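Below is the file final.cif, which contains mmCIF, C-alpha atoms.
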data_entry
loop_
_atom_site.label_atom_id
_atom_site.label_comp_id
_atom_site.auth_asym_id
_atom_site.auth_seq_id
_atom_site.Cartn_x
_atom_site.Cartn_y
_atom_site.Cartn_z
CA MET A 1 -240.13 40.99 -89.51
CA ILE A 2 -241.94 42.82 -86.71
CA GLU A 3 -245.38 41.34 -85.99
CA TYR A 4 -246.50 43.81 -83.34
CA VAL A 5 -245.21 46.45 -80.94
CA LYS A 6 -246.57 46.49 -77.40
CA GLY A 7 -245.67 49.08 -74.79
CA GLU A 8 -246.34 52.47 -73.29
CA ILE A 9 -247.59 55.29 -75.47
CA ALA A 10 -244.83 57.90 -75.09
CA GLU A 11 -246.30 60.35 -77.62
CA LEU A 12 -249.46 60.31 -79.70
CA SER A 13 -250.74 62.42 -82.58
CA PRO A 14 -253.45 61.59 -85.14
CA ALA A 15 -250.78 60.40 -87.60
CA MET A 16 -248.00 59.01 -85.39
CA ALA A 17 -247.60 57.02 -82.18
CA ILE A 18 -244.32 56.62 -80.36
CA ILE A 19 -244.42 53.36 -78.43
CA ASP A 20 -241.87 52.81 -75.66
CA CYS A 21 -240.87 49.13 -75.51
CA ASN A 22 -238.47 48.66 -72.59
CA GLY A 23 -236.73 51.98 -73.23
CA LEU A 24 -236.70 51.70 -77.04
CA GLY A 25 -239.07 54.15 -78.77
CA TYR A 26 -240.72 53.01 -82.01
CA ALA A 27 -242.17 55.76 -84.23
CA VAL A 28 -245.22 54.17 -85.84
CA ASN A 29 -247.37 55.73 -88.56
CA ILE A 30 -251.05 55.23 -87.73
CA SER A 31 -254.47 55.91 -89.27
CA LEU A 32 -257.21 57.96 -87.61
CA ASN A 33 -259.08 54.71 -86.86
CA THR A 34 -256.12 53.40 -84.88
CA TYR A 35 -255.65 56.80 -83.23
CA SER A 36 -259.28 56.70 -82.04
CA ALA A 37 -258.82 53.14 -80.74
CA ILE A 38 -255.71 53.89 -78.65
CA GLN A 39 -256.40 57.49 -77.64
CA GLY A 40 -256.58 57.97 -73.88
CA LYS A 41 -254.78 54.70 -73.11
CA ASN A 42 -251.39 54.38 -71.39
CA THR A 43 -250.31 51.23 -73.19
CA CYS A 44 -251.26 49.62 -76.48
CA LYS A 45 -250.45 46.83 -78.90
CA LEU A 46 -250.11 47.77 -82.56
CA TYR A 47 -249.90 45.24 -85.37
CA ILE A 48 -247.05 46.33 -87.62
CA TYR A 49 -246.34 46.52 -91.32
CA GLU A 50 -242.68 47.30 -91.96
CA ALA A 51 -241.90 49.13 -95.22
CA ILE A 52 -238.20 48.86 -96.00
CA ARG A 53 -237.03 51.37 -98.58
CA GLU A 54 -233.56 52.45 -99.68
CA ASP A 55 -233.76 55.66 -97.66
CA ALA A 56 -235.86 54.58 -94.67
CA HIS A 57 -237.47 51.84 -92.60
CA VAL A 58 -241.05 52.93 -92.02
CA LEU A 59 -243.41 51.29 -89.54
CA TYR A 60 -247.18 51.38 -90.00
CA GLY A 61 -249.24 50.34 -86.99
CA PHE A 62 -252.83 49.14 -86.68
CA ALA A 63 -255.10 48.60 -83.69
CA ASN A 64 -256.33 45.28 -85.13
CA LYS A 65 -255.34 42.66 -87.69
CA GLN A 66 -258.31 43.40 -89.95
CA GLU A 67 -257.15 46.98 -90.55
CA ARG A 68 -253.63 45.72 -91.31
CA GLU A 69 -255.06 43.14 -93.72
CA LEU A 70 -256.91 45.92 -95.58
CA PHE A 71 -253.75 48.07 -95.61
CA LEU A 72 -251.81 45.18 -97.21
CA LEU A 73 -254.54 44.74 -99.82
CA LEU A 74 -254.55 48.50 -100.57
CA ILE A 75 -250.77 48.71 -101.07
CA SER A 76 -250.97 45.74 -103.45
CA VAL A 77 -252.89 48.01 -105.83
CA SER A 78 -250.65 49.67 -108.42
CA GLY A 79 -250.17 53.38 -107.62
CA ILE A 80 -251.08 53.13 -103.93
CA GLY A 81 -248.28 53.51 -101.42
CA GLY A 82 -248.26 53.31 -97.65
CA ASN A 83 -249.26 56.93 -97.07
CA THR A 84 -252.17 56.81 -99.53
CA ALA A 85 -253.39 53.54 -97.99
CA ARG A 86 -253.16 55.15 -94.54
CA MET A 87 -255.13 58.16 -95.85
CA ILE A 88 -257.89 55.83 -97.11
CA LEU A 89 -258.00 54.02 -93.74
CA SER A 90 -258.17 57.38 -91.98
CA ALA A 91 -261.13 58.55 -94.07
CA LEU A 92 -263.05 55.26 -93.86
CA SER A 93 -263.28 52.65 -91.14
CA PRO A 94 -262.41 49.06 -92.19
CA ALA A 95 -266.13 48.18 -92.30
CA GLU A 96 -266.91 51.22 -94.47
CA LEU A 97 -264.02 50.47 -96.82
CA ILE A 98 -265.21 46.88 -97.25
CA THR A 99 -268.71 48.16 -98.01
CA VAL A 100 -267.38 50.72 -100.51
CA ILE A 101 -265.39 48.01 -102.34
CA SER A 102 -268.19 45.39 -102.22
CA THR A 103 -270.79 47.87 -103.50
CA GLU A 104 -268.33 49.35 -106.05
CA ASN A 105 -268.90 52.87 -104.72
CA ALA A 106 -266.03 54.63 -106.56
CA ASN A 107 -267.62 58.03 -105.93
CA LEU A 108 -267.20 57.72 -102.17
CA LEU A 109 -263.67 56.37 -102.51
CA LYS A 110 -262.59 59.34 -104.61
CA THR A 111 -263.66 61.75 -101.84
CA VAL A 112 -260.47 60.62 -100.04
CA LYS A 113 -257.68 63.18 -100.48
CA GLY A 114 -255.25 62.07 -103.18
CA ILE A 115 -257.59 59.51 -104.77
CA GLY A 116 -258.89 60.24 -108.26
CA LEU A 117 -261.65 58.39 -110.08
CA LYS A 118 -259.22 56.11 -111.97
CA THR A 119 -257.40 55.09 -108.79
CA ALA A 120 -260.71 54.53 -106.99
CA GLN A 121 -261.92 52.29 -109.81
CA ARG A 122 -258.59 50.41 -109.82
CA VAL A 123 -258.86 49.78 -106.06
CA ILE A 124 -262.37 48.38 -106.52
CA VAL A 125 -261.49 46.20 -109.54
CA ASP A 126 -258.30 44.86 -107.92
CA LEU A 127 -259.72 44.21 -104.45
CA LYS A 128 -263.35 43.20 -104.96
CA ASP A 129 -262.56 39.47 -105.29
CA LYS A 130 -259.59 39.54 -102.90
CA ILE A 131 -261.79 40.84 -100.09
CA LYS A 132 -264.17 37.92 -100.55
CA ILE A 133 -261.32 35.39 -100.76
CA ALA A 134 -259.40 36.80 -97.80
CA GLY A 135 -262.52 36.46 -95.69
CA VAL A 136 -261.94 40.03 -94.54
CA ALA A 137 -265.45 40.84 -95.58
CA SER A 138 -267.25 38.00 -93.83
CA GLU A 139 -267.04 39.40 -90.32
CA THR A 140 -268.28 42.86 -91.25
CA VAL A 141 -270.34 42.78 -94.41
CA GLY A 142 -272.89 40.47 -92.88
CA SER A 143 -273.63 42.98 -90.18
CA ILE A 144 -273.84 45.97 -92.46
CA ALA A 145 -277.42 46.63 -93.40
CA THR A 146 -276.37 49.47 -95.69
CA LEU A 147 -275.73 46.97 -98.48
CA MET A 148 -279.49 46.49 -98.65
CA ASN A 149 -280.33 50.18 -98.69
CA ASN A 150 -277.60 51.40 -100.97
CA GLU A 151 -280.08 53.58 -102.89
CA VAL A 152 -281.34 55.31 -99.73
CA GLN A 153 -277.74 55.85 -98.67
CA GLU A 154 -276.67 57.36 -102.02
CA GLU A 155 -279.72 59.65 -102.25
CA ALA A 156 -279.27 60.88 -98.68
CA VAL A 157 -275.56 61.60 -99.19
CA ALA A 158 -276.29 63.36 -102.49
CA ALA A 159 -278.91 65.54 -100.79
CA LEU A 160 -276.56 66.40 -97.90
CA THR A 161 -273.71 67.33 -100.25
CA MET A 162 -276.12 69.58 -102.18
CA LEU A 163 -276.92 71.24 -98.87
CA GLY A 164 -273.22 72.04 -98.51
CA PHE A 165 -271.97 69.26 -96.24
CA ALA A 166 -268.73 67.45 -97.15
CA ALA A 167 -269.24 64.01 -98.70
CA ALA A 168 -267.07 61.89 -96.37
CA PRO A 169 -268.63 63.02 -93.03
CA SER A 170 -272.11 62.89 -94.60
CA GLN A 171 -271.47 59.32 -95.72
CA LYS A 172 -270.27 58.32 -92.24
CA VAL A 173 -273.35 59.80 -90.54
CA VAL A 174 -275.75 58.28 -93.10
CA MET A 175 -274.16 54.84 -92.70
CA ALA A 176 -274.37 55.11 -88.92
CA ILE A 177 -278.08 56.03 -89.13
CA LEU A 178 -278.82 53.16 -91.54
CA LYS A 179 -277.02 50.74 -89.22
CA GLU A 180 -279.34 51.82 -86.39
CA GLU A 181 -282.47 52.04 -88.56
CA PRO A 182 -282.14 49.88 -91.68
CA GLU A 183 -285.75 50.56 -92.70
CA ALA A 184 -285.47 54.38 -92.59
CA THR A 185 -286.68 56.36 -95.61
CA VAL A 186 -284.45 58.85 -97.43
CA GLU A 187 -286.33 61.76 -95.79
CA LYS A 188 -285.92 60.32 -92.31
CA VAL A 189 -282.20 59.63 -92.87
CA ILE A 190 -281.63 63.22 -94.08
CA LYS A 191 -283.53 64.71 -91.11
CA LEU A 192 -281.53 62.61 -88.62
CA ALA A 193 -278.26 63.38 -90.42
CA LEU A 194 -278.92 67.14 -90.26
CA LYS A 195 -279.14 66.89 -86.48
CA ARG A 196 -275.77 65.08 -86.26
CA LEU A 197 -273.69 67.00 -88.80
#
The structure given in the file should be rewritten as structure tokens.
Amino acid sequence: MIEYVKGEIAELSPAMAIIDCNGLGYAVNISLNTYSAIQGKNTCKLYIYEAIREDAHVLYGFANKQERELFLLLISVSGIGGNTARMILSALSPAELITVISTENANLLKTVKGIGLKTAQRVIVDLKDKIKIAGVASETVGSIATLMNNEVQEEAVAALTMLGFAAAPSQKVVMAILKEEPEATVEKVIKLALKRL
């Protein structure tokens, strides 16, 4: 079992990193979150999940243990494989995913490519309690003020999507604004979001 791979970044794309460990190149599948974390660096350490199938050994790499923990929880859900889990972790940061599951926001989860409403609901039902038990949530949920202003968040995102903006980026911007200004009104959030989108 490979715990982590540490070495020089030989090649890097948003979906794959090739890490050179003493002359041996590991092709590691990564999420956009991990890509952002290691982009521009010469060396990195990726925590690994090794998927061994009949036809291939596939490595998935994560910039931190929390993202790997969430990946493992996601692939434990029936119907979600490694690539779908990676897609979810590319669309949402670990903190956002925890918030989505804790607040049972299936609508945001189904904006991820390849996730329908039934799968989104299954993810939430299967993982809601596991996230609390695993303690994955404790380090992030406490700091996320958006749990308090879920209504403001939903109204702002709904308004932005009606204006023609895609749901996932709108959600990200709205959450960022609410993190900075937890007391902001819907109107203020929308005005600030329009400047950033």
With the PyMOL selection byres ((chain A and resi 124) around 8) as the selection, what would be picked from this file? Answer as a PDB file with C-alpha atoms, keeping the file's coordinate frame, please.
ATOM      1  CA  ILE A 101    -265.390  48.010-102.340  1.00  0.00           C
ATOM      2  CA  SER A 102    -268.190  45.390-102.220  1.00  0.00           C
ATOM      3  CA  GLU A 104    -268.330  49.350-106.050  1.00  0.00           C
ATOM      4  CA  ALA A 106    -266.030  54.630-106.560  1.00  0.00           C
ATOM      5  CA  ALA A 120    -260.710  54.530-106.990  1.00  0.00           C
ATOM      6  CA  GLN A 121    -261.920  52.290-109.810  1.00  0.00           C
ATOM      7  CA  ARG A 122    -258.590  50.410-109.820  1.00  0.00           C
ATOM      8  CA  VAL A 123    -258.860  49.780-106.060  1.00  0.00           C
ATOM      9  CA  VAL A 125    -261.490  46.200-109.540  1.00  0.00           C
ATOM     10  CA  ASP A 126    -258.300  44.860-107.920  1.00  0.00           C
ATOM     11  CA  LEU A 127    -259.720  44.210-104.450  1.00  0.00           C
ATOM     12  CA  LYS A 128    -263.350  43.200-104.960  1.00  0.00           C
TER      13      LYS A 128
END
Nearest-residue call for Ser90 of chain A, choices A:Phe165, A:Tyr47, A:Tyr35, A:Tyr26, using only C-alpha atoms: A:Tyr35
What is the atom CA of Ile80 of chain A-atom CA of Val28 of chain A distance in Å, reported with one decimal?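 Going from atom CA of Ile80 of chain A over to atom CA of Val28 of chain A, I get 19.0 Å.
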Which residues are near Ala176 of chain A? Cut-off 12 Å, all atoms listed in the file, ignore same chain within fewer than 5 positions. Put them as a PyMOL selection string. chain A and resi 93+95-96+144-146+153+169-171+181-182+184+189+192-193+196-197
Quick one: apply the PyMOL selection byres ((chain A and resi 7) around 7) to the file and drop the selected residues here as a tab-separated table (two decimals) with C-alpha atoms, keeping the file's coordinate frame.
chain	number	residue	atom	x	y	z
A	5	VAL	CA	-245.21	46.45	-80.94
A	6	LYS	CA	-246.57	46.49	-77.40
A	8	GLU	CA	-246.34	52.47	-73.29
A	9	ILE	CA	-247.59	55.29	-75.47
A	19	ILE	CA	-244.42	53.36	-78.43
A	20	ASP	CA	-241.87	52.81	-75.66
A	21	CYS	CA	-240.87	49.13	-75.51
A	43	THR	CA	-250.31	51.23	-73.19
A	44	CYS	CA	-251.26	49.62	-76.48
A	45	LYS	CA	-250.45	46.83	-78.90
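Counting all atoms listed in the file, the residue from A:Ala166, A:Leu32, A:Leu160, A:Ile88 that sits nearest to Leu73 of chain A is A:Ile88.
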Atom pair atom CA of Ile48 of chain A + atom CA of Ala168 of chain A, distance 26.8 Å
Give me the residues near Thr111 of chain A as a PDB file with C-alpha atoms, in the frame of the given file, where near means some atom within 7 Å (using only C-alpha atoms) and where sequence neighbours in that chain fewer than 3 positions away do not count.
ATOM      1  CA  ASN A 107    -267.620  58.030-105.930  1.00  0.00           C
ATOM      2  CA  LEU A 108    -267.200  57.720-102.170  1.00  0.00           C
ATOM      3  CA  ALA A 167    -269.240  64.010 -98.700  1.00  0.00           C
ATOM      4  CA  ALA A 168    -267.070  61.890 -96.370  1.00  0.00           C
TER       5      ALA A 168
END
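Minimum distance to Gly25 of chain A across A:Ala10, A:Thr119, A:Thr185, A:Ser76 (counting all atoms listed in the file) occurs at A:Ala10.
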Atom pair atom CA of Tyr4 of chain A / atom CA of Phe71 of chain A: separation (Å):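 Computing it gives 14.9 Å between the two atoms.
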When distances are computed from all atoms listed in the file, which of A:Phe62, A:Gly40, A:Leu72, A:Val174 shows the smallest separation from Thr161 of chain A?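 Answer, going by the shortest atom-to-atom distance: A:Val174.
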Picked residues, the PyMOL selection byres ((chain A and resi 84) around 12), expected as a PyMOL selection string: chain A and resi 30-31+71-72+74-83+85-91+109-110+112-116+119-120+123
Considering only C-alpha atoms, state which residue in the set A:Thr34, A:Asn22, A:Thr99, A:Ser13 is at the smallest distance from Lys65 of chain A.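 Of A:Thr34, A:Asn22, A:Thr99, A:Ser13, the one nearest Lys65 of chain A, counting only C-alpha atoms, is A:Thr34.
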Using all atoms listed in the file, pick whichever of A:Lys191, A:Tyr49, A:His57, A:Val152 has the shortest atom-to-atom distance to Glu69 of chain A.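 Comparing A:Lys191, A:Tyr49, A:His57, A:Val152 against Glu69 of chain A, the winner is A:Tyr49.
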